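What follows is a single structure, written as structure tokens, with notes after it.
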Amino acid sequence: MDALPSSLGLRGVALLEGLAAERLDALARECKWRNYAADQRVISRDADDRDVYLIISGGVRVTTYSAAGRQVTFRDFGKGEHFGEVAAIDGMPRSADVVALENSLLASLTRASFGRLIREEPAIAERLLRDLAALVRRLSERVIDLSTLGVHQRLHAEVLRVARAAGVQGNRARIDPAPKHADLASQVSTYREQVTRELSALAKAGILGKDGRALVVLDVARLQKMVEEVKSGA
């Protein structure tokens with residue numbers, strides 16, 4: 001469902017930080033604004049559109065499926081982030097699917113508008129380059145992990161990453177709500193049943209616990225040591 005333009009919404013987008021109010025007003029008018037329901041597809045793999053999307057509220061997941069039908073999740077994006085710039089830059093079809101994780105408001109710029117923006121605003125172009133460099137590093141690390149680590153080791157690393165994102169306090173981290181086993185499986189390229197077994201093993205070892213709907217990492221330092229020992233020996 002289409003929504004009304006709002007430069008106020010664009011002020012929360014990290015990529016656009018520092019733009020003058022009048023520039024944001026003009027950009028808001030160039031954007032297409034649309035509400036997406038939870039689980040609604042935003043982008044389809046191999047689609048021909050080249051728009052860049054700005055997340056005003058809500059969040060999305062970038063994912064794809066293997067030939068065998070296994071879901072592979074690349075990453076989640078939340079409020080204030082952007083996605084879709086790769087196809088806008090190289091003009092090639094989309095390389096993954098994007099689905100709304102919750103009810104979300106997105107603003108999208110056409111490839112032409114986005115190209116004009118980065119040509120006219122050097123600070124945004126530099127910020128975009130840093131984002132793309134970070135993407136290359138993340139994907140390189142993931143390739144290394146998939147090539148050198150076993151399933152349970154990849155899961156340990158993913159749980160540690162999620163714990164750090166949730167915030168570590170006093171060697172503990174509370175992840176609320178707990179990630180779904182199927183979502184963790186798609187992150188580390190395995191099956192939900194394997195994730196269930198590995199999480200149970202971590203719970204028996206005293207590293208994980210449950211608190212209502214939350215997953216609690218009871219010993220972040222120990223989990224971190226397990227991950228570092230494996231990676232240093234890989």
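By convention here, the chains of the structure tokens are called A, B, ... in the order presented, each chain's residues are numbered starting at 1, and ligands are numbered starting at 1 in the order presented.
With only C-alpha atoms taken into account, the protein and nucleic acid residues at most 12 Å from Ser200 of chain A (excluding it and anything under 4 positions from it in its own chain) are A:His152, A:His181, A:Glu193, A:Gln194, A:Val195, A:Thr196, A:Lys204, A:Ala205, A:Gly206, A:Ile207, A:Leu208, A:Gly209, A:Lys210, A:Leu215.
Every protein, DNA or RNA residue with an atom at most 9 Å from segment 141-143 of chain A, where only C-alpha atoms count and chain neighbours fewer than 5 positions away do not, is listed here: Val136, Thr148 and Val188 of chain A.
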| task | May I have all residues of segment 45-195 of chain A that DSSP, computed from the backbone, assigns to alpha helix (DSSP H), given as a VMD selection string? | result | chain A and resid 85 to 90 111 to 120 122 to 148 151 to 166 181 to 188 192 to 195
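Between Asp25 of chain A and the residues A:Ala107, A:Leu8, A:Ala163, A:Ala178, the shortest atom-to-atom distance, using only C-alpha atoms, involves A:Leu8.
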Residues of segment 85-179 of chain A that approach segment 37-47 of chain A to 9 Å or less, counting only C-alpha atoms: could you list each one with the shortest pair of atoms and its distance in Å to one decimal, rows by chain and increasing residue number, as CSV?
```
residue,atom,partner,partner_atom,distance
A:Met92,CA,A:Asp46,CA,8.5
A:Pro93,CA,A:Asp46,CA,4.8
A:Arg94,CA,A:Asp46,CA,4.6
A:Ser95,CA,A:Arg45,CA,5.3
A:Ala96,CA,A:Arg45,CA,4.5
A:Asp97,CA,A:Ser44,CA,4.6
A:Val98,CA,A:Ile43,CA,4.9
A:Val99,CA,A:Arg41,CA,4.4
A:Ala100,CA,A:Asp39,CA,5.1
A:Leu101,CA,A:Ala38,CA,5.3
A:Glu102,CA,A:Ala38,CA,3.9
A:Asn103,CA,A:Ala37,CA,4.4
A:Ser104,CA,A:Ala37,CA,6.5
A:Leu105,CA,A:Ala37,CA,9.0
```
Output file for the selection above: all heavy atoms, as a tab-separated table (two decimals), in the first residue's frame:
```tsv
chain	number	residue	atom	x	y	z
A	92	MET	N	22.51	-5.02	-12.85
A	92	MET	CA	22.20	-6.43	-13.03
A	92	MET	C	20.93	-6.79	-12.25
A	92	MET	O	20.50	-6.05	-11.37
A	92	MET	CB	23.37	-7.28	-12.54
A	92	MET	CG	24.68	-7.01	-13.29
A	92	MET	SD	24.59	-7.56	-15.02
A	92	MET	CE	24.66	-9.33	-14.77
A	93	PRO	N	20.34	-7.97	-12.57
A	93	PRO	CA	19.14	-8.40	-11.83
A	93	PRO	C	19.42	-8.62	-10.35
A	93	PRO	O	20.58	-8.78	-9.94
A	93	PRO	CB	18.76	-9.72	-12.52
A	93	PRO	CG	19.36	-9.62	-13.88
A	93	PRO	CD	20.64	-8.86	-13.70
A	94	ARG	N	18.37	-8.65	-9.56
A	94	ARG	CA	18.51	-8.88	-8.13
A	94	ARG	C	19.13	-10.25	-7.87
A	94	ARG	O	18.85	-11.22	-8.57
A	94	ARG	CB	17.15	-8.82	-7.45
A	94	ARG	CG	16.43	-7.49	-7.61
A	94	ARG	CD	17.13	-6.35	-6.89
A	94	ARG	NE	16.31	-5.14	-6.89
A	94	ARG	CZ	16.69	-3.99	-6.36
A	94	ARG	NH1	17.87	-3.91	-5.77
A	94	ARG	NH2	15.89	-2.94	-6.39
A	95	SER	N	19.95	-10.32	-6.82
A	95	SER	CA	20.65	-11.57	-6.50
A	95	SER	C	20.01	-12.32	-5.33
A	95	SER	O	20.45	-13.41	-4.98
A	95	SER	CB	22.11	-11.28	-6.16
A	95	SER	OG	22.21	-10.37	-5.09
A	96	ALA	N	18.98	-11.75	-4.71
A	96	ALA	CA	18.34	-12.39	-3.55
A	96	ALA	C	16.92	-11.88	-3.41
A	96	ALA	O	16.51	-10.91	-4.04
A	96	ALA	CB	19.14	-12.10	-2.28
A	97	ASP	N	16.16	-12.59	-2.56
A	97	ASP	CA	14.82	-12.15	-2.20
A	97	ASP	C	14.90	-11.28	-0.96
A	97	ASP	O	15.79	-11.46	-0.12
A	97	ASP	CB	13.92	-13.36	-1.89
A	97	ASP	CG	13.78	-14.30	-3.07
A	97	ASP	OD1	13.44	-13.82	-4.16
A	97	ASP	OD2	14.01	-15.51	-2.90
A	98	VAL	N	13.96	-10.36	-0.82
A	98	VAL	CA	13.85	-9.54	0.38
A	98	VAL	C	12.41	-9.60	0.85
A	98	VAL	O	11.48	-9.36	0.08
A	98	VAL	CB	14.26	-8.07	0.13
A	98	VAL	CG1	14.11	-7.25	1.42
A	98	VAL	CG2	15.68	-7.99	-0.39
A	99	VAL	N	12.22	-9.95	2.14
A	99	VAL	CA	10.89	-10.12	2.71
A	99	VAL	C	10.78	-9.28	3.98
A	99	VAL	O	11.73	-9.19	4.76
A	99	VAL	CB	10.63	-11.60	3.05
A	99	VAL	CG1	9.26	-11.78	3.70
A	99	VAL	CG2	10.74	-12.46	1.80
A	100	ALA	N	9.64	-8.63	4.17
A	100	ALA	CA	9.42	-7.83	5.38
A	100	ALA	C	9.31	-8.75	6.60
A	100	ALA	O	8.59	-9.75	6.57
A	100	ALA	CB	8.14	-7.00	5.24
A	101	LEU	N	10.05	-8.42	7.64
A	101	LEU	CA	10.01	-9.19	8.88
A	101	LEU	C	8.81	-8.81	9.75
A	101	LEU	O	8.35	-9.60	10.57
A	101	LEU	CB	11.29	-8.98	9.67
A	101	LEU	CG	12.55	-9.64	9.13
A	101	LEU	CD1	13.77	-9.16	9.90
A	101	LEU	CD2	12.43	-11.16	9.20
A	102	GLU	N	8.34	-7.59	9.57
A	102	GLU	CA	7.22	-7.05	10.33
A	102	GLU	C	6.56	-5.98	9.48
A	102	GLU	O	7.03	-5.69	8.37
A	102	GLU	CB	7.72	-6.46	11.66
A	102	GLU	CG	8.80	-5.39	11.46
A	102	GLU	CD	9.42	-4.95	12.77
A	102	GLU	OE1	8.66	-4.50	13.64
A	102	GLU	OE2	10.66	-5.03	12.91
A	103	ASN	N	5.49	-5.40	9.94
A	103	ASN	CA	4.89	-4.29	9.19
A	103	ASN	C	5.92	-3.19	9.04
A	103	ASN	O	6.49	-2.72	10.03
A	103	ASN	CB	3.65	-3.78	9.91
A	103	ASN	CG	2.52	-4.80	9.93
A	103	ASN	OD1	2.50	-5.73	9.13
A	103	ASN	ND2	1.59	-4.64	10.85
A	104	SER	N	6.17	-2.79	7.81
A	104	SER	CA	7.29	-1.88	7.53
A	104	SER	C	6.88	-0.79	6.55
A	104	SER	O	6.05	-1.00	5.67
A	104	SER	CB	8.47	-2.66	6.94
A	104	SER	OG	8.88	-3.70	7.80
A	105	LEU	N	7.50	0.38	6.74
A	105	LEU	CA	7.34	1.49	5.80
A	105	LEU	C	8.67	1.69	5.10
A	105	LEU	O	9.70	1.93	5.76
A	105	LEU	CB	6.92	2.77	6.52
A	105	LEU	CG	6.89	4.04	5.67
A	105	LEU	CD1	5.90	3.91	4.50
A	105	LEU	CD2	6.55	5.26	6.53
```
| task | Using DSSP on the backbone coordinates, identify all residues within segment 18-197 of chain A classified as strand (DSSP E); present the result as number ranges by chain. | result | A: 32-36, 41-43, 52-57, 59-65, 71-78, 82-83, 97-100, 104-109, 168-169, 172-175
| Near-Glu17 of chain A list (12 Å; only C-alpha atoms; drop same-chain fewer than 4 positions) as a list in words | Gly9, Leu10, Arg11, Gly12, Val13, Ala21, Arg23, Leu24, Gly80, Glu81, Glu121, Ala123, Ile124, Ala125, Arg127 and Leu128 of chain A
Would you mind exporting N, CA, C and O atoms of the selected residues as a PDB file, in the first residue's frame?
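See result-v4.pdb below for the written result:
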```pdb
ATOM      1  N   GLY A   9      10.687  11.208   7.945  1.00  0.00           N
ATOM      2  CA  GLY A   9      11.077   9.808   7.960  1.00  0.00           C
ATOM      3  C   GLY A   9      12.483   9.598   7.436  1.00  0.00           C
ATOM      4  O   GLY A   9      13.222   8.741   7.932  1.00  0.00           O
ATOM      5  N   LEU A  10      12.884  10.385   6.445  1.00  0.00           N
ATOM      6  CA  LEU A  10      14.219  10.237   5.859  1.00  0.00           C
ATOM      7  C   LEU A  10      15.322  10.670   6.815  1.00  0.00           C
ATOM      8  O   LEU A  10      16.472  10.259   6.662  1.00  0.00           O
ATOM      9  N   ARG A  11      14.999  11.493   7.800  1.00  0.00           N
ATOM     10  CA  ARG A  11      16.025  11.964   8.733  1.00  0.00           C
ATOM     11  C   ARG A  11      16.603  10.837   9.576  1.00  0.00           C
ATOM     12  O   ARG A  11      17.692  10.972  10.114  1.00  0.00           O
ATOM     13  N   GLY A  12      15.878   9.734   9.682  1.00  0.00           N
ATOM     14  CA  GLY A  12      16.377   8.613  10.458  1.00  0.00           C
ATOM     15  C   GLY A  12      17.188   7.615   9.653  1.00  0.00           C
ATOM     16  O   GLY A  12      17.645   6.603  10.194  1.00  0.00           O
ATOM     17  N   VAL A  13      17.396   7.874   8.370  1.00  0.00           N
ATOM     18  CA  VAL A  13      18.152   6.959   7.507  1.00  0.00           C
ATOM     19  C   VAL A  13      19.634   7.315   7.580  1.00  0.00           C
ATOM     20  O   VAL A  13      20.036   8.429   7.229  1.00  0.00           O
ATOM     21  N   ALA A  21      17.769  20.154   5.245  1.00  0.00           N
ATOM     22  CA  ALA A  21      16.322  19.896   5.306  1.00  0.00           C
ATOM     23  C   ALA A  21      15.666  20.047   3.935  1.00  0.00           C
ATOM     24  O   ALA A  21      14.816  19.224   3.558  1.00  0.00           O
ATOM     25  N   ARG A  23      17.027  19.579   1.060  1.00  0.00           N
ATOM     26  CA  ARG A  23      17.432  18.453   0.208  1.00  0.00           C
ATOM     27  C   ARG A  23      16.623  17.213   0.561  1.00  0.00           C
ATOM     28  O   ARG A  23      16.212  16.461  -0.327  1.00  0.00           O
ATOM     29  N   LEU A  24      16.377  17.011   1.841  1.00  0.00           N
ATOM     30  CA  LEU A  24      15.560  15.883   2.263  1.00  0.00           C
ATOM     31  C   LEU A  24      14.121  16.028   1.772  1.00  0.00           C
ATOM     32  O   LEU A  24      13.484  15.053   1.376  1.00  0.00           O
ATOM     33  N   GLY A  80      16.190   2.636   9.591  1.00  0.00           N
ATOM     34  CA  GLY A  80      17.311   3.533   9.351  1.00  0.00           C
ATOM     35  C   GLY A  80      18.362   2.993   8.408  1.00  0.00           C
ATOM     36  O   GLY A  80      19.285   3.718   8.029  1.00  0.00           O
ATOM     37  N   GLU A  81      18.233   1.730   7.983  1.00  0.00           N
ATOM     38  CA  GLU A  81      19.199   1.142   7.065  1.00  0.00           C
ATOM     39  C   GLU A  81      18.659   1.182   5.638  1.00  0.00           C
ATOM     40  O   GLU A  81      17.515   1.561   5.390  1.00  0.00           O
ATOM     41  N   GLU A 121      26.247  14.380  -3.924  1.00  0.00           N
ATOM     42  CA  GLU A 121      26.539  14.408  -2.484  1.00  0.00           C
ATOM     43  C   GLU A 121      27.736  13.504  -2.182  1.00  0.00           C
ATOM     44  O   GLU A 121      27.588  12.313  -1.905  1.00  0.00           O
ATOM     45  N   ALA A 123      29.618  13.118   0.355  1.00  0.00           N
ATOM     46  CA  ALA A 123      29.611  12.473   1.663  1.00  0.00           C
ATOM     47  C   ALA A 123      28.796  11.180   1.631  1.00  0.00           C
ATOM     48  O   ALA A 123      29.163  10.185   2.269  1.00  0.00           O
ATOM     49  N   ILE A 124      27.694  11.188   0.896  1.00  0.00           N
ATOM     50  CA  ILE A 124      26.875   9.990   0.784  1.00  0.00           C
ATOM     51  C   ILE A 124      27.588   8.933  -0.049  1.00  0.00           C
ATOM     52  O   ILE A 124      27.555   7.735   0.266  1.00  0.00           O
ATOM     53  N   ALA A 125      28.277   9.371  -1.113  1.00  0.00           N
ATOM     54  CA  ALA A 125      29.039   8.431  -1.931  1.00  0.00           C
ATOM     55  C   ALA A 125      30.127   7.746  -1.107  1.00  0.00           C
ATOM     56  O   ALA A 125      30.331   6.531  -1.208  1.00  0.00           O
ATOM     57  N   ARG A 127      30.105   7.333   2.175  1.00  0.00           N
ATOM     58  CA  ARG A 127      29.435   6.455   3.139  1.00  0.00           C
ATOM     59  C   ARG A 127      29.016   5.153   2.462  1.00  0.00           C
ATOM     60  O   ARG A 127      29.134   4.065   3.044  1.00  0.00           O
ATOM     61  N   LEU A 128      28.550   5.254   1.231  1.00  0.00           N
ATOM     62  CA  LEU A 128      28.138   4.071   0.477  1.00  0.00           C
ATOM     63  C   LEU A 128      29.330   3.157   0.211  1.00  0.00           C
ATOM     64  O   LEU A 128      29.224   1.926   0.324  1.00  0.00           O
TER      65      LEU A 128
END
```
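Of the residues listed (A:Arg111, A:His82, A:Arg161, A:Arg172), A:His82 shows the shortest atom-to-atom separation from Asp131 of chain A; distances use only C-alpha atoms.
If only C-alpha atoms are the atoms counted, then among A:Gln169, A:Thr110, A:Asn35, A:Ser186 the closest residue to Ile89 of chain A is A:Thr110.
Relative to atom CA of Tyr191 of chain A, atom CA of Gly84 of chain A is found at 27.8 Å.
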